[in-house]
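Text of work_39.pdb (PDB, C-alpha atoms and all ligand atoms) as supplied:
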```
ATOM      1  CA  MET F1015     150.863 135.001  99.898
ATOM      2  CA  GLY F1016     148.882 135.213 103.124
ATOM      3  CA  ARG F1017     145.185 134.673 103.661
ATOM      4  CA  ILE F1018     142.855 136.772 105.737
ATOM      5  CA  LEU F1019     139.158 136.454 106.439
ATOM      6  CA  ILE F1020     137.147 139.679 106.272
ATOM      7  CA  ARG F1021     133.795 139.751 108.073
ATOM      8  CA  VAL F1022     131.327 142.541 107.370
ATOM      9  CA  ASN F1023     128.130 143.263 109.233
ATOM     10  CA  GLU F1024     124.736 144.422 107.985
ATOM     11  CA  GLU F1025     125.756 148.089 107.949
ATOM     12  CA  GLN F1026     129.070 147.473 106.170
ATOM     13  CA  VAL F1027     127.880 145.040 103.529
ATOM     14  CA  SER F1028     126.828 147.728 101.042
ATOM     15  CA  GLU F1029     130.071 149.702 101.440
ATOM     16  CA  PRO F1030     133.011 149.030  99.054
ATOM     17  CA  ILE F1031     135.439 148.661 101.957
ATOM     18  CA  ALA F1032     137.766 146.070 100.422
ATOM     19  CA  SER F1033     137.893 148.003  97.153
ATOM     20  CA  GLN F1034     138.798 151.208  98.994
ATOM     21  CA  VAL F1035     141.686 149.463 100.754
ATOM     22  CA  ILE F1036     142.946 147.907  97.498
ATOM     23  CA  ILE F1037     142.965 151.308  95.802
ATOM     24  CA  GLU F1038     144.431 153.213  98.736
ATOM     25  CA  TYR F1039     147.297 150.780  99.380
ATOM     26  CA  LYS F1040     147.749 149.542  95.794
ATOM     27  CA  VAL F1041     147.822 145.957  97.056
ATOM     28  CA  PRO F1042     146.550 143.100  94.895
ATOM     29  CA  MET F1043     143.883 141.021  96.608
ATOM     30  CA  VAL F1044     142.677 137.688  95.287
ATOM     31  CA  ILE F1045     139.180 136.763  96.437
ATOM     32  CA  LEU F1046     139.173 133.028  97.194
ATOM     33  CA  SER F1047     135.631 132.760  98.489
ATOM     34  CA  ALA F1048     132.767 135.033  99.429
ATOM     35  CA  HIS F1049     129.612 134.286 101.374
ATOM     36  CA  ILE F1050     127.610 137.489 101.633
ATOM     37  CA  ASN F1051     123.988 138.507 101.801
ATOM     38  CA  SER F1052     122.124 141.606 102.966
ATOM     39  CA  LYS F1053     122.838 140.725 106.615
ATOM     40  CA  GLY F1054     126.620 140.658 106.151
ATOM     41  CA  GLY F1055     129.100 137.898 105.495
ATOM     42  CA  GLU F1056     132.650 136.704 104.985
ATOM     43  CA  ILE F1057     135.245 137.158 102.263
ATOM     44  CA  LEU F1058     138.426 135.086 102.194
ATOM     45  CA  VAL F1059     141.204 136.924 100.365
ATOM     46  CA  GLU F1060     144.842 136.304  99.543
ATOM     47  CA  ILE F1061     147.336 139.153  99.832
ATOM     48  CA  PRO F1062     151.152 139.422  99.684
ATOM     49  CA  ASP F1063     152.701 138.394 103.019
ATOM     50  CA  ASP F1064     154.572 141.667 103.475
ATOM     51  CA  THR F1065     151.355 143.700 103.219
ATOM     52  CA  GLU F1066     149.325 141.718 105.725
ATOM     53  CA  ASP F1067     149.849 143.936 108.762
ATOM     54  CA  LYS F1068     148.958 147.190 107.017
ATOM     55  CA  ILE F1069     145.963 145.706 105.219
ATOM     56  CA  VAL F1070     144.600 144.170 108.412
ATOM     57  CA  GLU F1071     145.066 147.496 110.164
ATOM     58  CA  ALA F1072     143.404 149.442 107.340
ATOM     59  CA  LEU F1073     140.383 147.139 107.351
ATOM     60  CA  ARG F1074     140.174 147.208 111.135
ATOM     61  CA  LYS F1075     140.166 151.003 111.107
ATOM     62  CA  ARG F1076     137.096 150.827 108.894
ATOM     63  CA  GLY F1077     135.340 148.729 111.516
ATOM     64  CA  VAL F1078     135.735 145.373 109.787
ATOM     65  CA  THR F1079     136.559 142.181 111.699
ATOM     66  CA  VAL F1080     139.648 140.477 110.289
ATOM     67  CA  SER F1081     141.084 137.095 111.219
ATOM     68  CA  VAL F1082     143.639 134.656 109.879
ATOM     69  CA  PRO F1083     142.019 131.305 109.042
ATOM     70  CA  LYS F1084     143.489 128.104 110.411
ATOM     71  CA  SER F1085     145.079 125.578 108.097
ATOM     72  CA  ILE F1086     143.800 122.051 107.565
ATOM     73  CA  GLU F1087     145.874 118.956 108.260
ATOM     74  CA  VAL F1088     145.163 115.310 107.511
ATOM     75  CA  ASP F1089     146.342 112.591 109.886
ATOM     76  CA  SER F1090     147.307 109.727 107.599
ATOM     77  CA  GLU F1091     147.398 107.334 110.551
ATOM     78  CA  LYS F1092     143.669 107.811 111.187
ATOM     79  CA  CYS F1093     142.541 108.035 107.553
ATOM     80  CA  PHE F1094     141.042 104.845 106.068
ATOM     81  CA  SER F1095     140.685 106.227 102.530
ATOM     82  CA  CYS F1096     136.891 106.396 102.388
ATOM     83  CA  GLY F1097     137.002 109.320  99.952
ATOM     84  CA  SER F1098     134.300 111.430 101.628
ATOM     85  CA  CYS F1099     136.552 114.454 101.905
ATOM     86  CA  VAL F1100     137.609 114.140  98.276
ATOM     87  CA  ALA F1101     134.020 114.131  97.087
ATOM     88  CA  LEU F1102     132.943 117.082  99.216
ATOM     89  CA  CYS F1103     135.856 119.508  98.861
ATOM     90  CA  PRO F1104     134.592 122.472  96.800
ATOM     91  CA  VAL F1105     138.021 123.360  95.426
ATOM     92  CA  GLU F1106     139.470 119.892  94.785
ATOM     93  CA  ALA F1107     142.176 120.364  97.384
ATOM     94  CA  ILE F1108     142.100 116.691  98.401
ATOM     95  CA  SER F1109     142.664 113.689  96.214
ATOM     96  CA  LEU F1110     143.385 109.994  96.634
ATOM     97  CA  THR F1111     146.622 108.693  95.206
ATOM     98  CA  SER F1112     146.973 105.390  93.373
ATOM     99  CA  ASP F1113     147.790 103.680  96.674
ATOM    100  CA  SER F1114     144.619 105.198  98.235
ATOM    101  CA  SER F1115     146.417 107.612 100.532
ATOM    102  CA  VAL F1116     145.072 111.145 100.883
ATOM    103  CA  GLN F1117     146.938 113.894  99.076
ATOM    104  CA  PHE F1118     146.245 117.387 100.360
ATOM    105  CA  ASP F1119     146.983 120.653  98.510
ATOM    106  CA  LYS F1120     147.446 123.502 100.999
ATOM    107  CA  GLU F1121     147.556 126.113  98.237
ATOM    108  CA  LYS F1122     144.039 125.276  97.087
ATOM    109  CA  CYS F1123     142.463 124.708 100.506
ATOM    110  CA  LEU F1124     140.243 127.488 101.890
ATOM    111  CA  GLY F1125     141.224 126.620 105.466
ATOM    112  CA  SER F1126     138.991 126.811 108.502
ATOM    113  CA  THR F1127     136.611 129.161 106.701
ATOM    114  CA  CYS F1128     135.429 126.044 104.889
ATOM    115  CA  SER F1129     136.052 123.000 107.146
ATOM    116  CA  ILE F1130     133.628 120.823 105.176
ATOM    117  CA  CYS F1131     136.095 117.941 105.214
ATOM    118  CA  VAL F1132     136.752 118.340 108.944
ATOM    119  CA  ASP F1133     133.078 117.850 109.702
ATOM    120  CA  ALA F1134     132.615 115.097 107.129
ATOM    121  CA  CYS F1135     135.506 112.814 107.984
ATOM    122  CA  PRO F1136     134.123 109.755 109.820
ATOM    123  CA  ALA F1137     137.576 109.004 111.250
ATOM    124  CA  ARG F1138     138.111 112.530 112.608
ATOM    125  CA  ALA F1139     141.380 112.441 110.672
ATOM    126  CA  ILE F1140     141.212 116.069 109.555
ATOM    127  CA  LYS F1141     141.673 119.038 111.840
ATOM    128  CA  ALA F1142     142.147 122.803 111.729
ATOM    129  CA  VAL F1143     145.460 124.071 113.070
ATOM    130  CA  LYS F1144     146.932 127.522 113.273
ATOM    131  CA  PRO F1145     149.347 128.167 110.372
ATOM    132  CA  ASN F1146     152.509 127.540 112.393
ATOM    133  CA  GLY F1147     151.260 125.234 115.027
ATOM    134  CA  ASN F1148     148.900 123.099 117.014
ATOM    135  CA  GLY F1149     145.260 123.897 116.606
ATOM    136  CA  SER F1150     144.833 126.606 119.216
ATOM    137  CA  GLN F1151     143.363 130.035 118.411
ATOM    138  CA  ASN F1152     145.612 132.009 116.098
ATOM    139  CA  ASN F1153     147.207 134.884 117.966
ATOM    140  CA  ARG F1154     147.090 137.106 114.919
ATOM    141  CA  GLU F1155     143.312 137.271 115.056
ATOM    142  CA  LYS F1156     142.251 140.890 115.139
ATOM    143  CA  LYS F1157     138.829 142.294 115.729
ATOM    144  CA  SER F1158     137.404 145.756 115.428
TER     145      SER F1158
HETATM  146  S1  LIG T1201     138.745 122.764 104.381
HETATM  147 FE1  LIG T1201     137.368 122.902 102.607
HETATM  148  S2  LIG T1201     138.712 123.562 100.929
HETATM  149 FE2  LIG T1201     140.052 122.780 102.544
HETATM  150  S3  LIG T1201     140.393 120.629 102.014
HETATM  151 FE3  LIG T1201     138.642 120.726 103.444
HETATM  152  S4  LIG T1201     136.829 120.759 102.118
HETATM  153 FE4  LIG T1201     138.602 121.335 100.855
HETATM  154  S1  LIG T1202     137.088 111.583 104.951
HETATM  155 FE1  LIG T1202     138.679 111.112 106.501
HETATM  156  S2  LIG T1202     138.904 108.876 106.419
HETATM  157 FE2  LIG T1202     137.812 109.500 104.559
HETATM  158  S3  LIG T1202     139.470 109.762 103.000
HETATM  159 FE3  LIG T1202     139.095 111.774 103.948
HETATM  160  S4  LIG T1202     140.609 111.910 105.621
HETATM  161 FE4  LIG T1202     140.451 109.746 105.051
END
```

Here is a file; write its structure as structure tokens.
Amino acid sequence: MGRILIRVNEEQVSEPIASQVIIEYKVPMVILSAHINSKGGEILVEIPDDTEDKIVEALRKRGVTVSVPKSIEVDSEKCFSCGSCVALCPVEAISLTSDSSVQFDKEKCLGSTCSICVDACPARAIKAVKPNGNGSQNNREKKS
């Protein structure tokens, strides 16, 4: 499954754009997080990998900004097991093992759309990286 971040503006927020795409393409979408108000917002969704290109294109045609969130990585060399990230993660994607090392669950993590742990880590041991690489801007990012 792949993850994409859908951003809607003030004009688009009242339109059922994601629902229209789901129905038109018969693609299951799992909503992982949504932060929306009357001014617009962001929805992080999970879709099958082989549908990503056509779903991104369909959303883009409707004027929506779509990007692929970066993944989160923990540098165990820098981590000193303070537990701040564990306490703050909203989806329990980080835990401390019995030997106090950080255990990170990529399947649960919301990626760079969240980044709470990145900002909270006093050791700067957590960073956002593109899914296959080194922290630079993801080249699959697509905007309307
Ligand atoms: S980015 Fe957010 S969801 Fe992912 S591990 Fe950090 S706090 Fe948890
Ligand atoms: S906040 Fe940073 S130093 Fe503290 S446990 Fe998490 S990764 Fe390690």

Chain and number of each residue from the PyMOL selection byres (((not hetatm)) within 7 of (chain T and resi 1201)), as a PyMOL selection string: chain F and resi 1086+1099+1102-1108+1118+1122-1126+1128-1132

Test item: residues no farther than 12 Å from ligand LIG 1202 (chain T), counting only C-alpha atoms and all ligand atoms, as number ranges by chain: F: 1086-1103, 1107-1111, 1114-1118, 1129-1141

Expansion of the PyMOL selection byres (((chain F and resi 1053-1061) around 7) and not hetatm) into residues, as a ChimeraX atom specification: /F:1015-1024,1027,1042-1052,1062-1063,1065-1066

Based on the selection just made, write C-alpha atoms of those residues as a CSV table (one decimal), keeping the file's coordinate frame.
```
chain,number,residue,atom,x,y,z
F,1015,MET,CA,150.9,135.0,99.9
F,1016,GLY,CA,148.9,135.2,103.1
F,1017,ARG,CA,145.2,134.7,103.7
F,1018,ILE,CA,142.9,136.8,105.7
F,1019,LEU,CA,139.2,136.5,106.4
F,1020,ILE,CA,137.1,139.7,106.3
F,1021,ARG,CA,133.8,139.8,108.1
F,1022,VAL,CA,131.3,142.5,107.4
F,1023,ASN,CA,128.1,143.3,109.2
F,1024,GLU,CA,124.7,144.4,108.0
F,1027,VAL,CA,127.9,145.0,103.5
F,1042,PRO,CA,146.6,143.1,94.9
F,1043,MET,CA,143.9,141.0,96.6
F,1044,VAL,CA,142.7,137.7,95.3
F,1045,ILE,CA,139.2,136.8,96.4
F,1046,LEU,CA,139.2,133.0,97.2
F,1047,SER,CA,135.6,132.8,98.5
F,1048,ALA,CA,132.8,135.0,99.4
F,1049,HIS,CA,129.6,134.3,101.4
F,1050,ILE,CA,127.6,137.5,101.6
F,1051,ASN,CA,124.0,138.5,101.8
F,1052,SER,CA,122.1,141.6,103.0
F,1062,PRO,CA,151.2,139.4,99.7
F,1063,ASP,CA,152.7,138.4,103.0
F,1065,THR,CA,151.4,143.7,103.2
F,1066,GLU,CA,149.3,141.7,105.7
```

Suppose a student applies the PyMOL selection byres (((chain F and resi 1072) around 12) and not hetatm) to this structure; what residues should they get, written as a CSV table (one decimal) with C-alpha atoms, keeping the file's coordinate frame?
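The new file part_12.csv reads:
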```
chain,number,residue,atom,x,y,z
F,1020,ILE,CA,137.1,139.7,106.3
F,1031,ILE,CA,135.4,148.7,102.0
F,1032,ALA,CA,137.8,146.1,100.4
F,1033,SER,CA,137.9,148.0,97.2
F,1034,GLN,CA,138.8,151.2,99.0
F,1035,VAL,CA,141.7,149.5,100.8
F,1036,ILE,CA,142.9,147.9,97.5
F,1037,ILE,CA,143.0,151.3,95.8
F,1038,GLU,CA,144.4,153.2,98.7
F,1039,TYR,CA,147.3,150.8,99.4
F,1041,VAL,CA,147.8,146.0,97.1
F,1065,THR,CA,151.4,143.7,103.2
F,1066,GLU,CA,149.3,141.7,105.7
F,1067,ASP,CA,149.8,143.9,108.8
F,1068,LYS,CA,149.0,147.2,107.0
F,1069,ILE,CA,146.0,145.7,105.2
F,1070,VAL,CA,144.6,144.2,108.4
F,1071,GLU,CA,145.1,147.5,110.2
F,1073,LEU,CA,140.4,147.1,107.4
F,1074,ARG,CA,140.2,147.2,111.1
F,1075,LYS,CA,140.2,151.0,111.1
F,1076,ARG,CA,137.1,150.8,108.9
F,1077,GLY,CA,135.3,148.7,111.5
F,1078,VAL,CA,135.7,145.4,109.8
F,1079,THR,CA,136.6,142.2,111.7
F,1080,VAL,CA,139.6,140.5,110.3
F,1156,LYS,CA,142.3,140.9,115.1
F,1157,LYS,CA,138.8,142.3,115.7
F,1158,SER,CA,137.4,145.8,115.4
```

Distance criterion (only C-alpha atoms): nearest to F:Glu1121 out of F:Ser1085, F:Lys1040, F:Asp1064, F:Glu1025: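 Nearest to F:Glu1121: F:Ser1085.
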
Where's the centre, and what are the edge lengths in Å to one decimal, of a box along x, y and z enclosing all listed atoms of stretch 1048-1057 of chain F padded 5 Å per side, as AutoDock Vina command-line options?
```
--center_x 128.7 --center_y 137.9 --center_z 103.0 --size_x 23.1 --size_y 17.3 --size_z 17.2
```

Have stretch 1062-1075 of chain F completed to N, CA and C atoms, please, and pass it along as a CSV table (one decimal), in the coordinates of the input.
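Output below, filename result_10.csv:
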```csv
chain,number,residue,atom,x,y,z
F,1062,PRO,N,149.7,139.7,99.5
F,1062,PRO,CA,151.2,139.4,99.7
F,1062,PRO,C,151.5,139.4,101.2
F,1063,ASP,N,152.4,138.5,101.6
F,1063,ASP,CA,152.7,138.4,103.0
F,1063,ASP,C,153.2,139.7,103.6
F,1064,ASP,N,154.0,140.5,102.9
F,1064,ASP,CA,154.6,141.7,103.5
F,1064,ASP,C,153.6,142.8,103.6
F,1065,THR,N,152.4,142.6,103.1
F,1065,THR,CA,151.4,143.7,103.2
F,1065,THR,C,150.3,143.4,104.3
F,1066,GLU,N,150.4,142.2,104.9
F,1066,GLU,CA,149.3,141.7,105.7
F,1066,GLU,C,149.0,142.7,106.9
F,1067,ASP,N,150.1,143.1,107.6
F,1067,ASP,CA,149.8,143.9,108.8
F,1067,ASP,C,149.1,145.2,108.4
F,1068,LYS,N,149.6,145.9,107.3
F,1068,LYS,CA,149.0,147.2,107.0
F,1068,LYS,C,147.6,147.0,106.5
F,1069,ILE,N,147.3,145.9,105.8
F,1069,ILE,CA,146.0,145.7,105.2
F,1069,ILE,C,145.0,145.3,106.3
F,1070,VAL,N,145.4,144.5,107.3
F,1070,VAL,CA,144.6,144.2,108.4
F,1070,VAL,C,144.3,145.4,109.2
F,1071,GLU,N,145.3,146.3,109.4
F,1071,GLU,CA,145.1,147.5,110.2
F,1071,GLU,C,144.1,148.4,109.4
F,1072,ALA,N,144.3,148.6,108.1
F,1072,ALA,CA,143.4,149.4,107.3
F,1072,ALA,C,141.9,149.0,107.4
F,1073,LEU,N,141.7,147.7,107.3
F,1073,LEU,CA,140.4,147.1,107.4
F,1073,LEU,C,139.8,147.3,108.7
F,1074,ARG,N,140.6,147.1,109.7
F,1074,ARG,CA,140.2,147.2,111.1
F,1074,ARG,C,139.8,148.6,111.5
F,1075,LYS,N,140.5,149.6,110.9
F,1075,LYS,CA,140.2,151.0,111.1
F,1075,LYS,C,138.8,151.4,110.5
```
